[in-house]
$ cat run_2.csv   # CSV, C-alpha atoms
chain,number,residue,atom,x,y,z
A,1356,MET,CA,0.0,0.0,0.0
A,1357,TYR,CA,2.8,2.4,0.8
A,1358,ALA,CA,4.6,1.8,-2.5
A,1359,HIS,CA,1.4,2.4,-4.5
A,1360,TYR,CA,0.8,5.6,-2.6
A,1361,ARG,CA,4.3,6.9,-3.5
A,1362,LYS,CA,3.8,6.2,-7.2
A,1363,ALA,CA,0.6,8.2,-7.2
A,1364,GLN,CA,2.5,11.4,-6.2
A,1365,PRO,CA,3.3,13.9,-9.0
A,1366,THR,CA,6.9,14.3,-10.0
A,1367,ASP,CA,8.9,17.3,-11.2
A,1368,ALA,CA,8.4,16.2,-14.8
A,1369,ASP,CA,4.6,16.5,-14.4
A,1370,ALA,CA,4.8,20.1,-13.2
A,1371,PRO,CA,4.4,21.8,-16.7
A,1372,LYS,CA,1.3,19.7,-17.3
A,1373,TYR,CA,-0.4,21.1,-14.2
A,1374,GLN,CA,0.8,24.6,-14.9
A,1375,GLN,CA,-0.9,24.8,-18.3
A,1376,THR,CA,-4.3,26.5,-18.5
A,1377,SER,CA,-7.0,25.8,-21.0
A,1378,THR,CA,-8.7,28.5,-23.2
A,1379,ALA,CA,-11.9,28.2,-21.2
A,1380,GLN,CA,-10.1,28.9,-17.9
A,1381,GLN,CA,-8.5,32.0,-19.4
A,1382,ASN,CA,-11.8,33.3,-20.6
A,1383,ASP,CA,-13.3,32.8,-17.1
A,1384,LEU,CA,-10.5,34.8,-15.6
A,1385,ASN,CA,-11.3,37.7,-17.9
A,1386,VAL,CA,-15.0,38.0,-17.0
A,1387,MET,CA,-15.8,41.5,-15.6
A,1388,LEU,CA,-19.0,42.9,-14.1
A,1389,ILE,CA,-20.0,46.0,-16.1
A,1390,CYS,CA,-23.1,47.9,-16.8
A,1391,GLU,CA,-24.9,46.6,-19.8
A,1392,TYR,CA,-26.1,50.1,-20.8
A,1393,CYS,CA,-22.9,52.1,-20.1
A,1394,ARG,CA,-20.4,49.5,-21.3
A,1395,ASP,CA,-17.7,51.2,-19.2
A,1396,PRO,CA,-14.6,49.0,-18.9
A,1397,HIS,CA,-14.2,50.6,-15.4
A,1398,PRO,CA,-17.7,50.4,-14.0
A,1399,ASN,CA,-18.9,52.6,-11.3
A,1400,LEU,CA,-20.9,50.1,-9.2
A,1401,VAL,CA,-22.2,51.2,-5.9
A,1402,GLU,CA,-23.4,48.8,-3.1
A,1403,ASP,CA,-26.3,50.4,-1.3
A,1404,PHE,CA,-26.5,48.3,1.9
A,1405,LYS,CA,-29.3,50.5,3.3
A,1406,GLN,CA,-31.6,49.4,0.4
A,1407,GLY,CA,-29.8,46.1,-0.3
A,1408,ASP,CA,-29.1,46.9,-3.9
A,1409,ILE,CA,-26.1,47.0,-6.3
A,1410,VAL,CA,-26.6,50.1,-8.5
A,1411,CYS,CA,-24.7,51.6,-11.4
A,1412,GLY,CA,-23.4,55.0,-10.2
A,1413,SER,CA,-23.5,56.4,-13.8
A,1414,CYS,CA,-27.0,55.5,-15.1
A,1415,GLY,CA,-28.8,54.2,-12.0
A,1416,THR,CA,-29.4,50.7,-13.2
A,1417,VAL,CA,-30.2,48.2,-10.4
A,1418,PHE,CA,-28.2,44.9,-11.0
A,1419,LYS,CA,-29.1,43.0,-7.9
A,1420,ASP,CA,-31.4,43.5,-4.9
A,1421,ARG,CA,-31.6,42.1,-1.4
A,1422,ILE,CA,-27.9,41.7,-1.1
A,1423,ILE,CA,-26.4,40.6,2.2
A,1424,ASP,CA,-24.6,43.2,4.3
A,1425,THR,CA,-21.1,41.7,4.9
A,1426,ARG,CA,-19.9,44.6,7.1
A,1427,SER,CA,-19.4,44.5,10.8
A,1428,GLU,CA,-22.6,44.0,12.8
A,1429,TRP,CA,-21.6,46.6,15.4
A,1430,ARG,CA,-23.6,49.7,14.8
A,1431,THR,CA,-24.7,52.6,17.0
A,1432,PHE,CA,-28.3,52.9,18.0
A,1433,GLY,CA,-28.9,56.1,20.0
A,1434,GLY,CA,-31.6,56.2,22.7
A,1435,ASP,CA,-34.0,58.9,23.5
A,1436,GLU,CA,-31.6,60.4,26.0
A,1437,GLY,CA,-28.8,60.5,23.5
A,1438,GLY,CA,-25.4,58.8,23.6
A,1439,PRO,CA,-24.1,55.8,21.8
A,1440,ASP,CA,-25.5,52.3,22.4
A,1441,LYS,CA,-23.7,49.5,20.6
A,1442,SER,CA,-25.9,46.8,21.9
A,1443,ARG,CA,-27.2,44.9,18.9
A,1444,VAL,CA,-28.9,42.1,20.8
A,1445,GLY,CA,-30.0,41.3,24.3
A,1446,ASP,CA,-28.1,39.4,27.1
A,1447,ALA,CA,-27.0,35.8,26.7
A,1448,GLU,CA,-29.5,33.1,27.7
A,1449,ASN,CA,-29.6,32.6,31.4
A,1450,LYS,CA,-31.2,29.3,32.4
A,1451,LEU,CA,-31.3,30.2,36.1
A,1452,THR,CA,-33.8,33.0,35.6
A,1453,GLY,CA,-36.3,30.8,33.7
A,1454,ASN,CA,-37.0,33.5,31.1
A,1455,VAL,CA,-34.6,32.2,28.4
A,1456,GLY,CA,-33.1,35.6,28.3
A,1457,LEU,CA,-36.4,37.2,27.2
A,1458,ALA,CA,-36.9,39.9,29.8
A,1459,THR,CA,-38.1,43.5,29.6
A,1460,LYS,CA,-35.7,46.2,30.8
A,1461,ILE,CA,-36.6,49.9,31.0
A,1462,GLY,CA,-33.6,52.2,30.3
A,1463,ASP,CA,-30.0,51.3,30.0
A,1464,GLY,CA,-29.2,51.4,33.7
A,1465,HIS,CA,-26.9,54.4,33.4
A,1466,ARG,CA,-29.1,57.4,32.5
A,1467,VAL,CA,-32.3,58.1,34.3
A,1468,GLY,CA,-34.9,59.7,32.1
A,1469,PRO,CA,-38.0,61.5,33.0
A,1470,GLY,CA,-40.5,59.1,34.6
A,1471,GLN,CA,-38.2,56.2,34.3
A,1472,LYS,CA,-38.2,55.4,38.1
A,1473,ASP,CA,-42.0,55.3,38.1
A,1474,MET,CA,-42.1,53.0,35.1
A,1475,ASN,CA,-39.5,50.7,36.7
A,1476,ARG,CA,-41.6,50.6,39.9
A,1477,VAL,CA,-44.8,49.7,38.0
A,1478,HIS,CA,-43.0,47.1,35.9
A,1479,ALA,CA,-41.5,45.4,39.0
A,1480,LYS,CA,-45.0,45.1,40.5
A,1481,VAL,CA,-46.5,43.7,37.2
A,1482,ALA,CA,-43.6,41.3,36.6
A,1483,GLY,CA,-43.8,39.9,40.1
A,1484,LYS,CA,-40.2,38.9,40.3
A,1485,LYS,CA,-38.8,39.3,43.7
A,1486,ASN,CA,-35.2,40.5,44.0
A,1487,ALA,CA,-34.7,40.4,40.2
A,1488,LYS,CA,-32.6,43.5,40.2
A,1489,ALA,CA,-30.5,42.2,43.2
A,1490,TYR,CA,-30.0,38.9,41.3
A,1491,ASP,CA,-28.7,40.7,38.2
A,1492,GLU,CA,-26.3,42.8,40.3
A,1493,GLY,CA,-25.2,39.8,42.3
A,1494,CYS,CA,-24.3,37.8,39.2
A,1495,GLY,CA,-22.1,40.7,38.1
A,1496,TYR,CA,-20.4,40.8,41.4
A,1497,ILE,CA,-19.8,37.0,41.3
A,1498,THR,CA,-18.3,37.2,37.8
A,1499,ARG,CA,-15.9,40.0,38.7
A,1500,LEU,CA,-14.9,38.5,42.0
A,1501,ALA,CA,-14.3,35.1,40.4
A,1502,GLU,CA,-12.0,36.7,37.8
A,1503,ARG,CA,-10.0,38.4,40.6
A,1504,LEU,CA,-9.6,35.1,42.5
A,1505,HIS,CA,-8.8,33.1,39.3
A,1506,VAL,CA,-11.4,30.4,39.8
A,1507,GLU,CA,-13.0,28.4,37.1
A,1508,ARG,CA,-16.3,29.3,35.4
A,1509,ALA,CA,-18.0,26.2,36.8
A,1510,VAL,CA,-17.4,27.6,40.3
A,1511,SER,CA,-18.9,30.9,39.4
A,1512,ASP,CA,-21.9,29.2,37.8
A,1513,ALA,CA,-22.5,27.2,41.0
A,1514,ALA,CA,-22.2,30.4,43.0
A,1515,LYS,CA,-24.9,32.0,40.9
A,1516,GLU,CA,-27.2,29.0,41.6
A,1517,PHE,CA,-26.6,29.5,45.3
A,1518,PHE,CA,-27.3,33.2,45.0
A,1519,LEU,CA,-30.5,32.5,43.2
A,1520,LYS,CA,-31.6,30.4,46.2
A,1521,MET,CA,-30.8,33.3,48.4
A,1522,CYS,CA,-32.9,35.6,46.3
A,1523,ASP,CA,-35.8,33.3,46.4
A,1524,SER,CA,-35.6,32.9,50.2
A,1525,MET,CA,-36.4,35.5,52.9
A,1526,LEU,CA,-32.8,36.7,53.2
A,1527,PRO,CA,-32.3,40.5,52.8
A,1528,VAL,CA,-30.2,40.1,49.7
A,1529,ALA,CA,-31.2,43.5,48.2
A,1530,LYS,CA,-29.7,45.4,51.2
A,1531,ALA,CA,-26.3,43.8,51.0
A,1532,THR,CA,-26.1,42.3,47.5
A,1533,GLU,CA,-22.3,42.3,47.2
A,1534,VAL,CA,-21.8,40.6,50.6
A,1535,TYR,CA,-24.3,37.8,49.8
A,1536,ALA,CA,-22.7,37.4,46.3
A,1537,GLY,CA,-19.3,36.9,48.0
A,1538,ALA,CA,-21.0,34.3,50.3
A,1539,ALA,CA,-22.4,32.5,47.3
A,1540,LEU,CA,-19.0,32.4,45.7
A,1541,LEU,CA,-17.6,30.9,48.9
A,1542,LEU,CA,-20.3,28.2,48.7
A,1543,GLY,CA,-19.3,27.5,45.1
A,1544,THR,CA,-15.7,27.1,46.0
A,1545,ARG,CA,-16.6,24.7,48.8
A,1546,GLN,CA,-18.7,22.6,46.5
A,1547,PHE,CA,-15.9,22.1,44.0
A,1548,GLY,CA,-13.2,21.8,46.6
A,1549,VAL,CA,-11.4,25.0,45.6
A,1550,SER,CA,-9.4,26.5,48.4
A,1551,VAL,CA,-10.4,30.1,48.9
A,1552,PRO,CA,-10.3,31.3,52.5
A,1553,LEU,CA,-13.1,33.4,54.0
A,1554,GLU,CA,-10.6,36.1,54.8
A,1555,THR,CA,-9.6,36.4,51.2
A,1556,ILE,CA,-13.1,37.0,49.9
A,1557,ALA,CA,-13.8,39.5,52.8
A,1558,GLN,CA,-10.6,41.4,51.8
A,1559,LYS,CA,-11.7,41.5,48.1
A,1560,LEU,CA,-15.1,42.8,49.2
A,1561,ASN,CA,-13.4,45.5,51.3
A,1562,ILE,CA,-15.3,44.5,54.5
A,1563,SER,CA,-14.2,43.2,57.8
A,1564,ARG,CA,-13.9,39.5,58.5
A,1565,ILE,CA,-16.4,39.8,61.4
A,1566,GLU,CA,-19.0,41.4,59.2
A,1567,PHE,CA,-18.6,38.8,56.5
A,1568,GLY,CA,-18.7,36.1,59.2
A,1569,ARG,CA,-22.1,37.4,60.4
A,1570,VAL,CA,-23.6,36.8,56.9
A,1571,ILE,CA,-22.1,33.3,56.9
A,1572,LEU,CA,-23.7,32.5,60.3
A,1573,LYS,CA,-27.0,33.8,59.0
A,1574,LEU,CA,-26.8,31.5,56.0
A,1575,LYS,CA,-26.0,28.5,58.2
A,1576,ARG,CA,-29.1,29.2,60.4
A,1577,HIS,CA,-31.3,29.8,57.4
A,1578,ASN,CA,-30.5,26.8,55.3
A,1579,THR,CA,-28.5,23.7,56.4
A,1580,ASP,CA,-27.9,22.8,52.7
A,1581,PHE,CA,-25.3,25.6,52.5
A,1582,ASN,CA,-22.0,23.7,53.2
A,1583,LEU,CA,-19.5,26.2,54.5
A,1584,SER,CA,-16.9,23.8,56.0
A,1585,LYS,CA,-13.3,24.9,56.1
A,1586,ALA,CA,-11.1,24.3,53.2
A,1587,ASP,CA,-8.7,21.4,53.2
A,1588,THR,CA,-5.2,22.2,54.4
A,1589,ALA,CA,-3.6,20.6,51.4
A,1590,ASP,CA,-5.6,22.8,49.0
A,1591,GLU,CA,-4.6,25.8,51.0
A,1592,GLY,CA,-0.9,24.8,50.6
A,1593,VAL,CA,-1.4,24.6,46.8
A,1594,ARG,CA,-3.1,28.0,46.7
A,1595,MET,CA,-0.4,29.7,48.8
A,1596,VAL,CA,2.4,28.2,46.6
A,1597,MET,CA,0.8,29.5,43.5
A,1598,GLU,CA,0.1,32.9,45.0
A,1599,HIS,CA,3.8,33.4,45.8
A,1600,GLY,CA,4.9,32.3,42.3
A,1601,MET,CA,6.7,29.1,43.5
A,1602,PRO,CA,6.8,25.9,41.5
A,1603,HIS,CA,3.8,23.7,41.8
A,1604,TRP,CA,5.7,20.7,43.1
A,1605,THR,CA,6.8,22.7,46.2
A,1606,ALA,CA,3.2,22.4,47.6
A,1607,ALA,CA,4.0,18.7,48.5
A,1608,VAL,CA,7.2,19.8,50.2
A,1609,VAL,CA,5.4,22.5,52.2
A,1610,MET,CA,2.7,20.0,53.3
A,1611,GLU,CA,5.4,17.5,54.4
A,1612,VAL,CA,7.1,20.2,56.5
A,1613,VAL,CA,3.7,21.1,58.1
A,1614,VAL,CA,3.0,17.4,59.0
A,1615,ARG,CA,6.5,16.9,60.5
A,1616,ALA,CA,6.3,20.2,62.4
A,1617,LYS,CA,3.3,18.8,64.3
A,1618,ASP,CA,5.7,16.2,65.9
A,1619,PHE,CA,7.7,19.0,67.5
A,1620,PRO,CA,6.3,19.8,70.9
A,1621,ALA,CA,7.3,23.4,70.8
A,1622,VAL,CA,5.0,24.2,67.8
A,1623,ALA,CA,2.6,21.2,67.8
A,1624,SER,CA,-0.3,23.4,69.2
A,1625,ARG,CA,0.1,26.2,66.7
A,1626,LEU,CA,-2.6,27.1,64.2
A,1627,PRO,CA,-2.5,25.4,60.8
A,1628,LYS,CA,-2.1,28.7,59.0
A,1629,THR,CA,0.9,29.6,61.3
A,1630,LEU,CA,2.6,26.3,60.5
A,1631,MET,CA,1.7,26.7,56.8
A,1632,GLY,CA,3.4,30.2,56.7
A,1633,ALA,CA,6.5,29.0,58.5
A,1634,ALA,CA,6.8,26.0,56.2
A,1635,LEU,CA,6.3,28.2,53.1
A,1636,PHE,CA,9.0,30.5,54.3
A,1637,THR,CA,11.4,27.6,55.0
A,1638,VAL,CA,10.8,25.9,51.6
A,1639,SER,CA,11.2,29.1,49.7
A,1640,HIS,CA,14.8,29.5,51.1
A,1641,MET,CA,15.5,25.8,50.3
A,1642,ILE,CA,14.7,26.1,46.6
A,1643,GLY,CA,16.5,29.4,46.2
A,1644,GLN,CA,13.4,31.6,45.9
A,1645,PRO,CA,13.5,33.3,49.3
A,1646,LYS,CA,10.4,35.1,50.5
A,1647,SER,CA,10.4,37.8,53.3
A,1648,LEU,CA,8.8,37.2,56.6
A,1649,ASP,CA,6.5,40.2,56.1
A,1650,GLU,CA,5.3,39.0,52.8
A,1651,VAL,CA,4.4,35.5,54.1
A,1652,ALA,CA,2.9,36.9,57.3
A,1653,LYS,CA,0.6,39.1,55.3
A,1654,SER,CA,-0.5,36.2,53.2
A,1655,VAL,CA,-1.4,33.9,56.1
A,1656,LYS,CA,-2.7,36.8,58.3
A,1657,VAL,CA,-0.3,36.3,61.3
A,1658,SER,CA,2.4,38.5,62.7
A,1659,PRO,CA,6.1,38.2,61.5
A,1660,GLN,CA,7.2,37.7,65.1
A,1661,THR,CA,5.0,34.5,65.3
A,1662,LEU,CA,6.4,33.1,62.1
A,1663,ARG,CA,10.0,33.9,63.3
A,1664,GLY,CA,9.4,31.9,66.5
A,1665,VAL,CA,8.1,28.9,64.5
A,1666,TYR,CA,10.9,29.1,62.0
A,1667,LYS,CA,13.5,28.9,64.8
A,1668,VAL,CA,12.0,25.6,65.9
A,1669,LEU,CA,12.0,24.3,62.3
A,1670,TYR,CA,15.6,25.4,61.8
A,1671,GLU,CA,16.7,23.4,64.9
A,1672,HIS,CA,15.1,20.3,63.3
A,1673,ARG,CA,16.1,21.1,59.7
A,1674,ALA,CA,17.8,17.8,59.2
A,1675,SER,CA,14.4,15.9,59.6
A,1676,LEU,CA,12.1,18.4,57.8
A,1677,ILE,CA,11.9,16.7,54.4
A,1678,SER,CA,12.3,13.2,53.0
A,1679,ASP,CA,15.2,12.1,50.9
A,1680,GLU,CA,13.3,12.3,47.6
A,1681,TYR,CA,13.3,16.1,47.8
A,1682,LEU,CA,16.9,16.6,48.8
A,1683,ASP,CA,18.0,16.9,45.1
A,1684,ARG,CA,15.8,19.9,44.7
A,1685,CYS,CA,15.8,21.4,48.2
A,1686,ASP,CA,19.1,22.5,49.7
A,1687,ILE,CA,18.9,22.6,53.5
A,1688,SER,CA,22.3,24.4,53.7
A,1689,LYS,CA,20.6,27.5,52.4
A,1690,LEU,CA,18.6,27.9,55.6
A,1691,ARG,CA,20.0,30.7,57.9
A,1692,PRO,CA,19.4,31.1,61.7
A,1693,MET,CA,17.5,34.0,63.1

$ encode --input "run_2.csv" --output "structure tokens"
Amino acid sequence: MYAHYRKAQPTDADAPKYQQTSTAQQNDLNVMLICEYCRDPHPNLVEDFKQGDIVCGSCGTVFKDRIIDTRSEWRTFGGDEGGPDKSRVGDAENKLTGNVGLATKIGDGHRVGPGQKDMNRVHAKVAGKKNAKAYDEGCGYITRLAERLHVERAVSDAAKEFFLKMCDSMLPVAKATEVYAGAALLLGTRQFGVSVPLETIAQKLNISRIEFGRVILKLKRHNTDFNLSKADTADEGVRMVMEHGMPHWTAAVVMEVVVRAKDFPAVASRLPKTLMGAALFTVSHMIGQPKSLDEVAKSVKVSPQTLRGVYKVLYEHRASLISDEYLDRCDISKLRPM
């Protein structure tokens, strides 16, 4: 089969045969579109996309009608209040709202015209959709927050489903839409096993951890289906490693240091985030990408003095911090006393 295929390939000797063109082909190449009345070799043909016609610009003869506009679909449609509006179509289909994307919206949401507030109030009563505006705003918050936290789209979609349940319940979502949207994203991360601490979301929302925690407790009392258990420590190690720009394989080394640190009586009772920060600081020096104490302390939300005390204990037991399989990539001699 292979030899037969090779014989079927054209050779250099066959090239002139394929380069020759017939008389019919030459005539087809010389065909030009000209006006049958003007007979101008350089026709003045005009495409009128507004009417959908091809017209001779010299005598006005219509050659073709109902042509397809091949230009860009982005056009400007000005509203009654003035200003450009390049929206050609509506929003994308949203299966969560149940209206297949076919919803009525009064105004563009940016400019308030005369009587628009009254019309919006009447429309909200007629439509009978509770917290519809809060849901639209919350979905926007979730999308932007998910992009800032670098989580997958499946997580944000799950968060929108949780937020829809909040809107359908008796929770005051409209009064604190952004906070409840952050709580919904936290639920989405817990459902998919993505490690995003509560403190991180509270920081992105520019609210205190206590205020955000109150909303979480309210969700727990309202619905037991909302699983807000703490993130796995292993996932937290991966997140911290990626946040500080360290290689992905160092997450396993950090977790091993954390596990072995629990065997040391001096630091066995420390919080997991304290051990995680000290282990991250230690491993970063082992691999030659040292991080400062202040940088790591800010990431794990503990003081640099606390990390320094834990690191001193780890330095004393540096010979037993990691297994032999990581010794070729982690140099213990790079650790320095404090």

$ residues_around --input "run_2.csv" --residues "region 1504-1514 of chain A" --least-positions-apart "3" --cutoff "6 Å" --atoms "all atoms listed in the file" --output "NGL selection string"
:A and (1501 or 1517 or 1539-1540 or 1543-1544)

$ atom_distance --input "run_2.csv" --atom1 "CA of Lys1573 (chain A)" --atom2 "CA of Val1528 (chain A)"
11.7 Å

$ residues_near_point --input "run_2.csv" --point "(-11.2, 39.7, 59.8)" --cutoff "12 Å" --atoms "all atoms listed in the file" --output "PDB file with C-alpha atoms, in the coordinates of the input"
ATOM      1  CA  PRO A1552     -10.300  31.300  52.500  1.00  0.00           C
ATOM      2  CA  LEU A1553     -13.100  33.400  54.000  1.00  0.00           C
ATOM      3  CA  GLU A1554     -10.600  36.100  54.800  1.00  0.00           C
ATOM      4  CA  THR A1555      -9.600  36.400  51.200  1.00  0.00           C
ATOM      5  CA  ILE A1556     -13.100  37.000  49.900  1.00  0.00           C
ATOM      6  CA  ALA A1557     -13.800  39.500  52.800  1.00  0.00           C
ATOM      7  CA  GLN A1558     -10.600  41.400  51.800  1.00  0.00           C
ATOM      8  CA  LYS A1559     -11.700  41.500  48.100  1.00  0.00           C
ATOM      9  CA  LEU A1560     -15.100  42.800  49.200  1.00  0.00           C
ATOM     10  CA  ASN A1561     -13.400  45.500  51.300  1.00  0.00           C
ATOM     11  CA  ILE A1562     -15.300  44.500  54.500  1.00  0.00           C
ATOM     12  CA  SER A1563     -14.200  43.200  57.800  1.00  0.00           C
ATOM     13  CA  ARG A1564     -13.900  39.500  58.500  1.00  0.00           C
ATOM     14  CA  ILE A1565     -16.400  39.800  61.400  1.00  0.00           C
ATOM     15  CA  GLU A1566     -19.000  41.400  59.200  1.00  0.00           C
ATOM     16  CA  PHE A1567     -18.600  38.800  56.500  1.00  0.00           C
ATOM     17  CA  GLY A1568     -18.700  36.100  59.200  1.00  0.00           C
ATOM     18  CA  ARG A1569     -22.100  37.400  60.400  1.00  0.00           C
ATOM     19  CA  VAL A1655      -1.400  33.900  56.100  1.00  0.00           C
ATOM     20  CA  LYS A1656      -2.700  36.800  58.300  1.00  0.00           C
ATOM     21  CA  VAL A1657      -0.300  36.300  61.300  1.00  0.00           C
TER      22      VAL A1657
END

$ residues_around --input "run_2.csv" --residues "Gly1415 (chain A)" --least-positions-apart "3" --cutoff "12 Å" --atoms "all atoms listed in the file" --output "JSON list (two decimals) with C-alpha atoms, keeping the file's coordinate frame"
[["chain", "number", "residue", "atom", "x", "y", "z"],
["A", 1390, "CYS", "CA", -23.10, 47.90, -16.80],
["A", 1391, "GLU", "CA", -24.90, 46.60, -19.80],
["A", 1392, "TYR", "CA", -26.10, 50.10, -20.80],
["A", 1393, "CYS", "CA", -22.90, 52.10, -20.10],
["A", 1398, "PRO", "CA", -17.70, 50.40, -14.00],
["A", 1399, "ASN", "CA", -18.90, 52.60, -11.30],
["A", 1400, "LEU", "CA", -20.90, 50.10, -9.20],
["A", 1401, "VAL", "CA", -22.20, 51.20, -5.90],
["A", 1402, "GLU", "CA", -23.40, 48.80, -3.10],
["A", 1403, "ASP", "CA", -26.30, 50.40, -1.30],
["A", 1408, "ASP", "CA", -29.10, 46.90, -3.90],
["A", 1409, "ILE", "CA", -26.10, 47.00, -6.30],
["A", 1410, "VAL", "CA", -26.60, 50.10, -8.50],
["A", 1411, "CYS", "CA", -24.70, 51.60, -11.40],
["A", 1412, "GLY", "CA", -23.40, 55.00, -10.20],
["A", 1418, "PHE", "CA", -28.20, 44.90, -11.00],
["A", 1419, "LYS", "CA", -29.10, 43.00, -7.90]]

$ residues_near_point --input "run_2.csv" --point "(-37.2, 40.7, 1.8)" --cutoff "12 Å" --atoms "all atoms listed in the file" --output "ChimeraX atom specification"
/A:1406-1408,1420-1423

$ axis_aligned_box --input "run_2.csv" --around "region 1389-1406 of chain A" --padding-each-side "3 Å" --output "AutoDock Vina command-line options"
--center_x -22.9 --center_y 49.3 --center_z -9.0 --size_x 23.4 --size_y 12.6 --size_z 30.6

$ atom_distance --input "run_2.csv" --atom1 "CA of Val1614 (chain A)" --atom2 "CA of Phe1547 (chain A)"
24.6 Å

$ decode --input "run_2.csv" --residues "region 1627-1633 of chain A" --atoms "all heavy atoms" --output "mmCIF file, in the first residue's frame"
data_model
loop_
_atom_site.group_PDB
_atom_site.id
_atom_site.type_symbol
_atom_site.label_atom_id
_atom_site.label_comp_id
_atom_site.auth_asym_id
_atom_site.auth_seq_id
_atom_site.Cartn_x
_atom_site.Cartn_y
_atom_site.Cartn_z
ATOM 1 N N PRO A 1627 -2.950 25.913 62.116
ATOM 2 C CA PRO A 1627 -2.482 25.399 60.810
ATOM 3 C C PRO A 1627 -1.933 26.497 59.900
ATOM 4 O O PRO A 1627 -0.950 26.271 59.194
ATOM 5 C CB PRO A 1627 -3.733 24.753 60.218
ATOM 6 C CG PRO A 1627 -4.573 24.391 61.398
ATOM 7 C CD PRO A 1627 -4.315 25.457 62.421
ATOM 8 N N LYS A 1628 -2.554 27.679 59.903
ATOM 9 C CA LYS A 1628 -2.062 28.735 59.018
ATOM 10 C C LYS A 1628 -0.691 29.235 59.472
ATOM 11 O O LYS A 1628 0.127 29.657 58.642
ATOM 12 C CB LYS A 1628 -3.062 29.887 58.964
ATOM 13 C CG LYS A 1628 -3.283 30.614 60.276
ATOM 14 C CD LYS A 1628 -4.266 31.764 60.075
ATOM 15 C CE LYS A 1628 -4.468 32.563 61.369
ATOM 16 N NZ LYS A 1628 -5.417 33.685 61.152
ATOM 17 N N THR A 1629 -0.403 29.174 60.779
ATOM 18 C CA THR A 1629 0.917 29.568 61.267
ATOM 19 C C THR A 1629 1.981 28.582 60.811
ATOM 20 O O THR A 1629 3.066 28.968 60.343
ATOM 21 C CB THR A 1629 0.918 29.674 62.798
ATOM 22 O OG1 THR A 1629 -0.112 30.575 63.215
ATOM 23 C CG2 THR A 1629 2.257 30.156 63.310
ATOM 24 N N LEU A 1630 1.685 27.299 60.938
ATOM 25 C CA LEU A 1630 2.618 26.277 60.458
ATOM 26 C C LEU A 1630 2.781 26.344 58.944
ATOM 27 O O LEU A 1630 3.888 26.143 58.419
ATOM 28 C CB LEU A 1630 2.118 24.888 60.876
ATOM 29 C CG LEU A 1630 2.038 24.605 62.385
ATOM 30 C CD1 LEU A 1630 1.482 23.208 62.633
ATOM 31 C CD2 LEU A 1630 3.408 24.760 63.035
ATOM 32 N N MET A 1631 1.675 26.644 58.247
ATOM 33 C CA MET A 1631 1.736 26.742 56.786
ATOM 34 C C MET A 1631 2.647 27.894 56.369
ATOM 35 O O MET A 1631 3.469 27.756 55.449
ATOM 36 C CB MET A 1631 0.334 26.952 56.230
ATOM 37 C CG MET A 1631 0.254 26.927 54.719
ATOM 38 S SD MET A 1631 0.399 25.270 54.049
ATOM 39 C CE MET A 1631 -1.093 24.552 54.720
ATOM 40 N N GLY A 1632 2.517 29.047 57.038
ATOM 41 C CA GLY A 1632 3.365 30.180 56.698
ATOM 42 C C GLY A 1632 4.829 29.922 56.989
ATOM 43 O O GLY A 1632 5.701 30.264 56.191
ATOM 44 N N ALA A 1633 5.126 29.316 58.136
ATOM 45 C CA ALA A 1633 6.518 29.015 58.478
ATOM 46 C C ALA A 1633 7.109 27.993 57.515
ATOM 47 O O ALA A 1633 8.274 28.091 57.110
ATOM 48 C CB ALA A 1633 6.604 28.505 59.916
#
